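Trainee: Here it is, the structure in full.
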Amino acid sequence: ERRASTEPLVVMAAASLHQAMPELLRAFEDRQRIRGTLVLGATGSLAAQLVNGAPADLFFSADETTVDRLITQGLLDRSTRTLFANGLLLLVTRRGVEPPRTLQELTLPRFAIIALANPDLAPYGAAARRSLQTAGVWQALEERLVYGESVSGAWQLVQSGNADAAFVAQSVVPEGAAVGRLVLDRALYPPLRQAAAVAVASRHPAARDFLDFVRGPEGQAVLRRHGFAPPQ
């Protein structure tokens with residue numbers, strides 16, 4: 001039975017999209033005259049919700065692996081799988097703390113508490129862990145690390161002053177935010193290729209259209225403005 005388009009389009013989206021996705025959804029709502037409902041969270045948490053039967057029309061991940069796993073499990077439609085952005089990992093420091101020039105400098109005393117998204121749930125957290133391992137400082141810093149559930153949680157920890165530094169998605173840092181920044185060398189971590197697909201259970205007529213919109217020129221301009229690189 002087809003769901004009427006008067007029902008909201010339910011979009012599950014990784015926390016790295018917490019600034020960009022509301023803007024994308026609003027623009028699409030205006031164009032299509034539909035309502036959208038946005039569910040944000042760590043990629044792993046959202047995937048678990050989908051596996052446990054939470055309703056969704058679309059799933060926007062911070063990686064490819066989770067989307068492919070959900071396709072294999074029969075929850076996402078393989079024919080709709082698409083890459084929509086490449087994420088960028090950033091190290092930010094709280095107000096008044098000078099950012100390090102290298103990851104090795106994170107071992108200095110001024111970085112007593114370092115936040116990252118939970119590496120087991122959030123691809124940006126996993127990329128941060130890999131960066132520290134590649135730089136050879138993971139073990140030296142392990143006791144200083146605190147975990148936010150998602151990349152938004154890691155950003156909140158540094159923004160509130162509860163962490164001296166945090167690994168975040170460039171896309172979660174508002175323009176003009178008063179934080180120090182170190183853009184990480186992309187050779188330190190595997191590419192953050194962000195994928196999306198329509199849920200197999202979705203009957204919403206606008207689901208595929210929204211995916212096309214995000215991949216199209218208008219959607220890509222919004223993502224670029226919020227700190228994402230084009231998909232590759």
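Just remember, in the structure tokens the first chain shown is A, the second B, etc., residues are 1-based per chain, and ligands are 1-based in the order shown.
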Using only C-alpha atoms, determine which residues lie at most 12 Å from Ser61 (chain A), disregarding the query and same-chain residues fewer than 6 positions distant; provide the list as a count of residues only.

Mentor: 40

Trainee: In chain A, what's strand (DSSP E or B) per DSSP? Answer as a ChimeraX atom specification?

Mentor: /A:9-14,36-41,58-60,76,82-87,89-93,114-117,145-148,165-169,180-183,192-199,229

Trainee: Find the residues near Arg224 (chain A): any atom within 10 Å, counting only C-alpha atoms, skip ones fewer than 4 places away on the same chain, and give them as a list in words.

Mentor: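 Listing them by chain and then by number gives Ala20, Ala85, Asn86, Ser171, Gly219, Gln220, Phe228, Ala229 and Pro230 of chain A.
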
Trainee: My list of candidates is A:Val168, A:Ala128, A:Ala48, A:Ala207. Which is closest to Val151 (chain A) when distances are computed with only C-alpha atoms?

Mentor: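 With only C-alpha atoms as the atom set, the closest residue is A:Val168.
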
Trainee: What is the CA of Ser202 (chain A)-CA of Asp57 (chain A) distance in Å, reported with one decimal?

Mentor: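 Computed distance, CA of Ser202 (chain A) to CA of Asp57 (chain A), equals 4.8 Å.
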